[in-house]
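Accompanying notes for the structure given below.
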Amino acid sequence: MGKTISEKILSHASGKDAYAGDLVIAKIDAAMTHDGMAKLVIEAFQEMGGRQLWDPSRVAVVIDHVAPSAYESFSKVHKMMRRFALQQGARFYEVGSGICHQLMIESGLVSPGGLVVGTDSHTCTYGAVGAFATGIGSTEMAAVFLSGKLWFKVPETLKIVVDGKLPPMVFPKDLILKIVGTVGADGATYKAVEYGGSAVKALGVEERLTLTNMAVEMGAKTGLIEPDEKTASYLASLGHKPQQGFKSDEDAEFVDELVLDAEDLEPQVACPHAVDNVKPVTAVEGKEVDQVFLGSCTNGRVTDLREAAKILRGKHVKKGVRMIVIPASRRVYKQALKEGLLEVFLDAGCAVCNPGCGPCAGGHQGILAPGEVCVSTSNRNFKARMGSDEAEIYLVSPVTAAVTAIEGKITDPRRLLKEA
Amino acid sequence: MKVSGKAVVFGDNVNTDVIIPSKYLTLLDPVQIAQHAMEGLDPSFPEKAKNGVIIVAGRNFGCGSSREQAPIALKYAGVRCVLAESFARIFYRNAINIGLPVLESPHIRSEVDEGDVLTVTLEEGKVENETKGCVIAALKLPRFILEILEDGGLIEHLKKKGVKAP
């Protein structure tokens, strides 16, 4: 019987002929923790009697959630992480390096066909380059730090096929919001999601990362896209020699298949307080906003910044509204600087912050007051995520965010097409 | 292993940001973290829970982030067990690893009202609603998970088994 990408990767990593439903103990290719969880990981590692990481070259320790630290409590965690990472010889990413998921892709730790775990639910992002990657807790991570292994239940796979071409002003973020709204917040629990079809194949790797990033918002264990020549050349452009990876067999068994036509898609908005509360932008147009956030592991890459800068060039953010722009990594920041994108944002009146998670992690750089409304390019709009539990978060594409910042209210970016 | 307590009832898709809002991840002490358990839905929850309660919830309990502070907040606030129609994957594993019993029970919400006194026998997957005088079925946990829970979590379990770091 044929196999899915997940079945192939977990078979390869466990040395067993594994299919959905099987329990396997698999070798981990790379592991990541960040300052939101590192304290618990390091303490559990020490409590388990851990003295040495199983392989420091495969472990990334990243300061990104509150970076630089805004609180003494986080400063203590950062201090502990620095000491641990440097002592152990792990790959350590200091304040200002960027968001863990972007860094994992840039670092070469993630390769097609690899098995990767991180103490963050959005670890599923790395499936955009064909790796099986999933979020785990801190106690389990301590066990991985010790042994380099973890048990997995091989997931069933939900296939999502998107054919056709995305219309103007409609972006991969709109596509994934539509998918999450359709499948629902628990529609893919415990499953892997594999995205395919001509619309997905047509996307660049940076755009594909937006799709896999939000797989967990449907409850999925991971999101995957079959690696192709684009994957290989993207990773090569970052200086890596990637493995070839795996593709699902023609006769592989999928638990379900969802088919969407890209041509029908409109700009989408995930409304408060659930990621699957998705509506076309026309349903919420005119909602006044206080803050616009462009960034995050969902939409903080150069492609995203370029699209938003196209809209903001020569324009200004509405008076009374603040727009915060945070490139996903130092590499992204430098590229945006070189292309003049940061100048566009600065001229438009945006606050451009250092690479990191920013307000999406809820720690700093844009905490909301009661009653405030934020439009964000990030991946979660849960109550109390960015500060007050009486604030509202709407999730959109970078372009809808930029148009909204100029207008001061949620705006359909297709209006620009009519004006042109 | 038996646990008892009054039921506190929640709906579907209770996410980790309402279980422990991310602004409190800056707190380092589990007891302090617990003072904000469920704050996003019910700020009076820690007061309700302090003498020991059982959470009863709908589908997809614990969805969202992988923060282990979510089950930690509940455990230290006084939650003795979570009974839900279904759980989000990472929360489920985290809860077991820190020694918080979690049981899937597909019809639990129709059989329990807020304040009902429940007794859960983990080995049997049995929930007794003493207030209503009925028994509700839950999915049984495999033996190795029960052992982790009996030992109070994965770390204690490994210590007890004498597993040593390489």
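In the structure tokens, each chain is lettered A, B, ... as it comes, each chain's residues begin at 1, and ligands are numbered from 1 in order of appearance.
Residues in contact with range 85-91 of chain A at 6 Å, where only C-alpha atoms are counted and same-chain residues fewer than 5 positions away are skipped, are listed as Pro56, Ser57, Val59 and Ala60 of chain A.
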Just write the chosen residues, C-alpha atoms, as a compact mmCIF listing (two decimals), in the first residue's frame.
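Produced file result28.txt, reproduced below:
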```
# COMPACT_ATOMS: atom_id res chain seq x y z
CA PRO A 56 24.03 20.16 20.66
CA SER A 57 24.39 20.84 16.92
CA VAL A 59 19.32 21.97 19.26
CA ALA A 60 18.25 25.60 18.78
```
| query | Residues at most 9 Å from range 100-107 of chain B, counting only C-alpha atoms, excluding those fewer than 6 positions away in the same chain, as a VMD selection string? | reply | chain B and resid 58 to 59 71 to 72 74 to 75 79 to 87 92 94 122 125 127 136 to 141 146 149 152 to 153
| field | Test item: residues at most 7 Å from Val110 in chain A, only C-alpha atoms, excluding those fewer than 5 positions along its chain, as a PyMOL selection string | value | chain A and resi 104-105+126+131
| task | Using only C-alpha atoms, find the one residue out of B:Ile148, B:Ala57, B:Ala73, B:Leu118 that sits nearest to Ile19 in chain B. | result |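 The closest residue to Ile19 in chain B is B:Ala73.
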| Residue with smallest distance to Asp35 in chain A - pool A:Arg306, A:Lys173, A:Lys3, A:His78, counting only C-alpha atoms |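 Using only C-alpha atoms, the shortest distance to Asp35 in chain A belongs to A:His78.
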Could you build a table of the residues in chain B lying no more than 6 Å from chain A, giving for each the nearest pair of atoms and their separation in Å rounded to one decimal place, using only C-alpha atoms, ordered by chain and ascending residue number, as a tab-separated table?
```
residue	atom	partner	partner_atom	distance
B:Asp17	CA	A:Arg385	CA	5.8
B:Pro21	CA	A:Ala384	CA	5.8
B:Ser22	CA	A:Gly362	CA	5.5
B:Lys23	CA	A:Gly363	CA	5.4
B:Thr26	CA	A:Ser73	CA	5.8
B:Asn60	CA	A:Asp186	CA	6.0
B:Ser65	CA	A:Ser121	CA	5.0
B:Ser66	CA	A:Ser121	CA	5.0
B:Glu68	CA	A:Gly137	CA	5.6
B:Asn94	CA	A:Gly137	CA	5.6
B:Ala165	CA	A:Gly50	CA	5.4
```
The selected residues should be written to file as a PDB file, in the first residue's frame (atoms: C-alpha atoms).
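out.pdb, written as the output of this step:
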```pdb
ATOM      1  CA  ASP B  17      -4.833  31.929  25.899  1.00  0.00           C
ATOM      2  CA  PRO B  21      -3.255  34.525  29.119  1.00  0.00           C
ATOM      3  CA  SER B  22       0.185  34.965  27.547  1.00  0.00           C
ATOM      4  CA  LYS B  23       0.951  38.057  29.621  1.00  0.00           C
ATOM      5  CA  THR B  26       6.360  36.049  32.489  1.00  0.00           C
ATOM      6  CA  ASN B  60     -11.220  20.665  21.547  1.00  0.00           C
ATOM      7  CA  SER B  65      -0.320  27.101  21.991  1.00  0.00           C
ATOM      8  CA  SER B  66       1.974  24.386  23.309  1.00  0.00           C
ATOM      9  CA  GLU B  68       2.799  23.663  29.424  1.00  0.00           C
ATOM     10  CA  ASN B  94       1.247  18.106  28.398  1.00  0.00           C
ATOM     11  CA  ALA B 165      20.375  10.251  31.873  1.00  0.00           C
TER      12      ALA B 165
END
```
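Nearest residue to Val117 in chain B, choosing from B:Ile54, B:Val18, B:Val31, B:Leu158 and counting only C-alpha atoms: B:Ile54.
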| said: Going by DSSP on the backbone, which residues of range 63-97 of chain B come out as alpha helix (DSSP H)? List them as a list of chain:residue names. | reply: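 Secondary structure check on range 63-97 of chain B, alpha helix (DSSP H): B:Gln69, B:Ala70, B:Pro71, B:Ile72, B:Ala73, B:Leu74, B:Lys75, B:Tyr76, B:Ala77, B:Arg89, B:Ile90, B:Phe91, B:Tyr92, B:Arg93, B:Asn94, B:Ala95, B:Ile96, B:Asn97.
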| query | Counting only C-alpha atoms, what is within 12 Å of Ile25 in chain A, bar same-chain residues fewer than 3 positions away, as a PyMOL selection string? | reply | chain A and resi 10-16+18+22+28+115+144+147-154
| request: Give me the residues within 7 Å of Ile393 in chain A as a PyMOL selection string, counting only C-alpha atoms and dropping any in the same chain fewer than 6 places off. | output: chain A and resi 271-272+373-376+381
Selected residues written out with all heavy atoms, as a CSV table (one decimal), in the first residue's frame:
```csv
chain,number,residue,atom,x,y,z
A,271,CYS,N,-12.5,36.8,12.6
A,271,CYS,CA,-13.0,37.7,13.5
A,271,CYS,C,-12.9,37.2,15.0
A,271,CYS,O,-12.7,36.0,15.2
A,271,CYS,CB,-14.5,38.0,13.2
A,271,CYS,SG,-14.7,38.6,11.5
A,272,PRO,N,-13.0,38.1,16.0
A,272,PRO,CA,-12.9,37.7,17.4
A,272,PRO,C,-13.9,36.7,17.7
A,272,PRO,O,-15.0,36.8,17.2
A,272,PRO,CB,-13.1,39.0,18.1
A,272,PRO,CG,-13.0,40.1,17.1
A,272,PRO,CD,-13.3,39.6,15.8
A,373,VAL,N,-9.2,47.8,19.2
A,373,VAL,CA,-9.3,46.9,18.1
A,373,VAL,C,-8.0,46.8,17.3
A,373,VAL,O,-7.4,47.8,17.0
A,373,VAL,CB,-10.4,47.3,17.1
A,373,VAL,CG1,-10.5,46.4,15.8
A,373,VAL,CG2,-11.8,47.3,17.8
A,374,CYS,N,-7.5,45.6,17.1
A,374,CYS,CA,-6.2,45.4,16.4
A,374,CYS,C,-6.5,44.5,15.2
A,374,CYS,O,-7.1,43.5,15.2
A,374,CYS,CB,-5.2,44.7,17.3
A,374,CYS,SG,-3.7,44.3,16.5
A,375,VAL,N,-5.9,45.0,14.1
A,375,VAL,CA,-5.9,44.2,12.8
A,375,VAL,C,-4.5,43.6,12.7
A,375,VAL,O,-3.5,44.4,12.8
A,375,VAL,CB,-6.3,45.0,11.6
A,375,VAL,CG1,-5.8,44.4,10.3
A,375,VAL,CG2,-7.8,45.1,11.6
A,376,SER,N,-4.4,42.3,12.6
A,376,SER,CA,-3.0,41.7,12.7
A,376,SER,C,-2.8,40.7,11.6
A,376,SER,O,-3.8,40.0,11.2
A,376,SER,CB,-2.9,41.0,14.0
A,376,SER,OG,-1.7,40.3,14.1
A,381,ASN,N,-6.3,35.0,17.3
A,381,ASN,CA,-7.1,36.2,17.7
A,381,ASN,C,-7.8,35.8,19.0
A,381,ASN,O,-8.9,36.4,19.2
A,381,ASN,CB,-8.1,36.6,16.6
A,381,ASN,CG,-9.0,35.4,16.2
A,381,ASN,OD1,-8.9,34.3,16.7
A,381,ASN,ND2,-10.0,35.7,15.4
```
| Per DSSP on the backbone, what are the strand (DSSP E) residues of chain B, as an MDAnalysis selection string? | chainID B and resid 2:9 53:57 79:84 102:104 117:121 126:129 134:137
Give me the residues near Ile324 in chain A as a PDB file with N, CA and C atoms, in the first residue's frame, where near means some atom within 8 Å (using only C-alpha atoms) and where sequence neighbours in that chain fewer than 5 positions away do not count.
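As a result, part.pdb now contains:
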```pdb
ATOM      1  N   GLN A 291      -4.970  49.652  16.221  1.00  0.00           N
ATOM      2  CA  GLN A 291      -3.602  49.176  15.981  1.00  0.00           C
ATOM      3  C   GLN A 291      -3.592  48.220  14.801  1.00  0.00           C
ATOM      4  N   VAL A 292      -2.532  48.320  13.991  1.00  0.00           N
ATOM      5  CA  VAL A 292      -2.317  47.367  12.899  1.00  0.00           C
ATOM      6  C   VAL A 292      -0.940  46.749  13.109  1.00  0.00           C
ATOM      7  N   PHE A 293      -0.888  45.414  13.088  1.00  0.00           N
ATOM      8  CA  PHE A 293       0.402  44.726  13.265  1.00  0.00           C
ATOM      9  C   PHE A 293       0.745  43.933  12.011  1.00  0.00           C
ATOM     10  N   LEU A 294       1.900  44.266  11.420  1.00  0.00           N
ATOM     11  CA  LEU A 294       2.419  43.514  10.272  1.00  0.00           C
ATOM     12  C   LEU A 294       3.670  42.771  10.740  1.00  0.00           C
ATOM     13  N   CYS A 350       4.923  54.321  10.420  1.00  0.00           N
ATOM     14  CA  CYS A 350       4.897  53.056  11.180  1.00  0.00           C
ATOM     15  C   CYS A 350       6.009  53.030  12.229  1.00  0.00           C
ATOM     16  N   ALA A 351       5.806  52.235  13.270  1.00  0.00           N
ATOM     17  CA  ALA A 351       6.877  51.892  14.205  1.00  0.00           C
ATOM     18  C   ALA A 351       7.502  50.607  13.679  1.00  0.00           C
ATOM     19  N   VAL A 352       8.791  50.645  13.360  1.00  0.00           N
ATOM     20  CA  VAL A 352       9.481  49.436  12.894  1.00  0.00           C
ATOM     21  C   VAL A 352      10.332  48.915  14.051  1.00  0.00           C
ATOM     22  N   CYS A 353      10.019  47.700  14.510  1.00  0.00           N
ATOM     23  CA  CYS A 353      10.719  47.154  15.683  1.00  0.00           C
ATOM     24  C   CYS A 353      11.743  46.100  15.260  1.00  0.00           C
ATOM     25  N   GLY A 366       3.082  46.398  21.754  1.00  0.00           N
ATOM     26  CA  GLY A 366       1.756  46.548  21.151  1.00  0.00           C
ATOM     27  C   GLY A 366       0.651  45.846  21.912  1.00  0.00           C
TER      28      GLY A 366
END
```
